[in-house]
Amino acid sequence: MPGMHNLPTDELGVPTQPYVGFAGGGGGGSGWTLNIWVHPLPPDGPLEIFVALPSPATQELSTVLDGSAVRAAAQRARVIWT
């Protein structure tokens with residue numbers, strides 16, 4: 001997984017602690033797409049995410065996602081190389 005520097009993993013390379021990280025994206029004009037790795041998958045229901053921005057912003061932002069939608073998207077994921 002991109003960005004997993006120094007993250008402990010098991011013998012299969014699966015993280016042994018929670019991880020959320022950006023894995024690319026792009027866009028412009030009318031919209032953006034971001035790819036995010038999440039492990040483990042959240043439970044069904046509301047999932048509140050908090051982000052603390054570094055100085056000079058120094059504010060905390062939050063949003064609520066549907067954990068069920070995240071789990072459903074994970075079911076559609078496919079390995080394209082190993």
# chains A, B, ... in the order shown; residues from 1 in each chain; ligands from 1
$ residues_around --residues "Tyr19 in chain A" --least-positions-apart "4" --cutoff "9 Å" --atoms "only C-alpha atoms" --output "JSON, numbers by chain"
{"A": [4, 7, 15, 37, 38, 39, 40]}
$ residues_around --residues "range 51-56 of chain A" --least-positions-apart "5" --cutoff "12 Å" --atoms "only C-alpha atoms" --output "ChimeraX atom specification"
/A:20-21,61-64
$ residues_around --residues "Leu41 in chain A" --least-positions-apart "4" --cutoff "9 Å" --atoms "only C-alpha atoms" --output "PyMOL selection string"
chain A and resi 67+70-71+74
$ atom_distance --atom1 "CA of Val79 in chain A" --atom2 "CA of Gly27 in chain A"
23.6 Å
$ select_by_dssp --residues "range 6-66 of chain A" --states "strand (DSSP E or B)" --output "MDAnalysis selection string"
chainID A and resid 9 15 19:28 31:39 46:52 60:66
$ write_last_selection --atoms "C-alpha atoms" --output "PDB file, in the first residue's frame"
ATOM      1  CA  THR A   9       2.578  -5.784   8.845  1.00  0.00           C
ATOM      2  CA  PRO A  15      -1.151  -3.937   8.409  1.00  0.00           C
ATOM      3  CA  TYR A  19      -4.126   2.830   8.703  1.00  0.00           C
ATOM      4  CA  VAL A  20      -5.735   5.591   6.633  1.00  0.00           C
ATOM      5  CA  GLY A  21      -3.731   7.176   3.840  1.00  0.00           C
ATOM      6  CA  PHE A  22      -4.007   8.812   0.448  1.00  0.00           C
ATOM      7  CA  ALA A  23      -3.040   6.714  -2.553  1.00  0.00           C
ATOM      8  CA  GLY A  24      -3.325   9.251  -5.348  1.00  0.00           C
ATOM      9  CA  GLY A  25      -6.025  11.105  -7.187  1.00  0.00           C
ATOM     10  CA  GLY A  26      -6.579  14.074  -9.417  1.00  0.00           C
ATOM     11  CA  GLY A  27      -9.095  16.219 -11.148  1.00  0.00           C
ATOM     12  CA  GLY A  28      -9.939  19.776 -11.998  1.00  0.00           C
ATOM     13  CA  GLY A  31     -14.530  17.643  -9.746  1.00  0.00           C
ATOM     14  CA  TRP A  32     -11.845  15.653  -7.985  1.00  0.00           C
ATOM     15  CA  THR A  33     -11.236  11.979  -7.287  1.00  0.00           C
ATOM     16  CA  LEU A  34      -9.139  10.772  -4.352  1.00  0.00           C
ATOM     17  CA  ASN A  35      -8.021   7.213  -3.678  1.00  0.00           C
ATOM     18  CA  ILE A  36      -7.693   6.323  -0.013  1.00  0.00           C
ATOM     19  CA  TRP A  37      -6.471   3.131   1.697  1.00  0.00           C
ATOM     20  CA  VAL A  38      -8.415   2.233   4.852  1.00  0.00           C
ATOM     21  CA  HIS A  39      -7.507  -0.687   7.109  1.00  0.00           C
ATOM     22  CA  PRO A  46     -21.869   6.524  10.263  1.00  0.00           C
ATOM     23  CA  LEU A  47     -18.100   7.032  10.215  1.00  0.00           C
ATOM     24  CA  GLU A  48     -16.843  10.387  11.469  1.00  0.00           C
ATOM     25  CA  ILE A  49     -13.444  11.453  10.152  1.00  0.00           C
ATOM     26  CA  PHE A  50     -11.377  14.225  11.759  1.00  0.00           C
ATOM     27  CA  VAL A  51      -8.447  16.030  10.172  1.00  0.00           C
ATOM     28  CA  ALA A  52      -6.139  18.374  12.062  1.00  0.00           C
ATOM     29  CA  GLU A  60      -9.758  20.662  12.989  1.00  0.00           C
ATOM     30  CA  LEU A  61     -12.222  19.652  10.295  1.00  0.00           C
ATOM     31  CA  SER A  62     -14.620  16.727  10.283  1.00  0.00           C
ATOM     32  CA  THR A  63     -17.063  14.986   8.016  1.00  0.00           C
ATOM     33  CA  VAL A  64     -19.331  11.962   8.288  1.00  0.00           C
ATOM     34  CA  LEU A  65     -19.149   9.144   5.746  1.00  0.00           C
ATOM     35  CA  ASP A  66     -21.346   6.096   5.385  1.00  0.00           C
TER      36      ASP A  66
END
$ decode --residues "range 20-45 of chain A" --atoms "N, CA and C atoms" --output "CSV table (one decimal), in the first residue's frame"
chain,number,residue,atom,x,y,z
A,20,VAL,N,-5.0,4.8,7.6
A,20,VAL,CA,-5.7,5.6,6.6
A,20,VAL,C,-4.7,6.5,5.9
A,21,GLY,N,-4.7,6.4,4.6
A,21,GLY,CA,-3.7,7.2,3.8
A,21,GLY,C,-4.2,7.4,2.4
A,22,PHE,N,-3.7,8.5,1.8
A,22,PHE,CA,-4.0,8.8,0.4
A,22,PHE,C,-3.1,8.0,-0.5
A,23,ALA,N,-3.7,7.5,-1.6
A,23,ALA,CA,-3.0,6.7,-2.6
A,23,ALA,C,-3.2,7.3,-4.0
A,24,GLY,N,-3.3,8.6,-4.0
A,24,GLY,CA,-3.3,9.3,-5.3
A,24,GLY,C,-4.7,9.9,-5.6
A,25,GLY,N,-4.8,10.5,-6.8
A,25,GLY,CA,-6.0,11.1,-7.2
A,25,GLY,C,-5.7,12.2,-8.2
A,26,GLY,N,-6.7,13.0,-8.5
A,26,GLY,CA,-6.6,14.1,-9.4
A,26,GLY,C,-7.9,14.6,-9.8
A,27,GLY,N,-7.9,15.6,-10.7
A,27,GLY,CA,-9.1,16.2,-11.1
A,27,GLY,C,-8.9,17.7,-11.6
A,28,GLY,N,-10.0,18.4,-11.6
A,28,GLY,CA,-9.9,19.8,-12.0
A,28,GLY,C,-11.3,20.2,-12.6
A,29,GLY,N,-11.4,21.4,-12.9
A,29,GLY,CA,-12.7,21.8,-13.6
A,29,GLY,C,-13.9,21.5,-12.8
A,30,SER,N,-14.5,20.4,-13.0
A,30,SER,CA,-15.8,20.1,-12.3
A,30,SER,C,-15.7,19.1,-11.2
A,31,GLY,N,-14.6,18.6,-10.9
A,31,GLY,CA,-14.5,17.6,-9.7
A,31,GLY,C,-13.2,17.0,-9.5
A,32,TRP,N,-13.1,16.3,-8.4
A,32,TRP,CA,-11.8,15.7,-8.0
A,32,TRP,C,-12.1,14.2,-7.6
A,33,THR,N,-11.2,13.4,-7.7
A,33,THR,CA,-11.2,12.0,-7.3
A,33,THR,C,-10.0,11.7,-6.4
A,34,LEU,N,-10.2,11.1,-5.2
A,34,LEU,CA,-9.1,10.8,-4.4
A,34,LEU,C,-9.2,9.3,-4.1
A,35,ASN,N,-8.1,8.6,-4.0
A,35,ASN,CA,-8.0,7.2,-3.7
A,35,ASN,C,-7.4,7.1,-2.3
A,36,ILE,N,-8.1,6.4,-1.4
A,36,ILE,CA,-7.7,6.3,0.0
A,36,ILE,C,-7.7,4.9,0.4
A,37,TRP,N,-6.6,4.5,1.1
A,37,TRP,CA,-6.5,3.1,1.7
A,37,TRP,C,-7.0,3.2,3.1
A,38,VAL,N,-7.9,2.3,3.5
A,38,VAL,CA,-8.4,2.2,4.9
A,38,VAL,C,-8.3,0.8,5.4
A,39,HIS,N,-7.6,0.6,6.5
A,39,HIS,CA,-7.5,-0.7,7.1
A,39,HIS,C,-7.5,-0.6,8.6
A,40,PRO,N,-8.4,-1.3,9.3
A,40,PRO,CA,-9.4,-2.2,8.8
A,40,PRO,C,-10.6,-1.4,8.2
A,41,LEU,N,-11.4,-2.1,7.5
A,41,LEU,CA,-12.6,-1.4,7.0
A,41,LEU,C,-13.5,-1.0,8.2
A,42,PRO,N,-14.2,0.1,8.1
A,42,PRO,CA,-15.0,0.6,9.2
A,42,PRO,C,-16.3,-0.3,9.3
A,43,PRO,N,-16.9,-0.2,10.5
A,43,PRO,CA,-18.2,-0.9,10.6
A,43,PRO,C,-19.3,-0.2,9.8
A,44,ASP,N,-20.4,-0.9,9.6
A,44,ASP,CA,-21.5,-0.3,8.9
A,44,ASP,C,-22.0,0.8,9.7
A,45,GLY,N,-22.6,1.8,9.1
A,45,GLY,CA,-23.2,3.0,9.8
A,45,GLY,C,-22.3,4.2,9.6
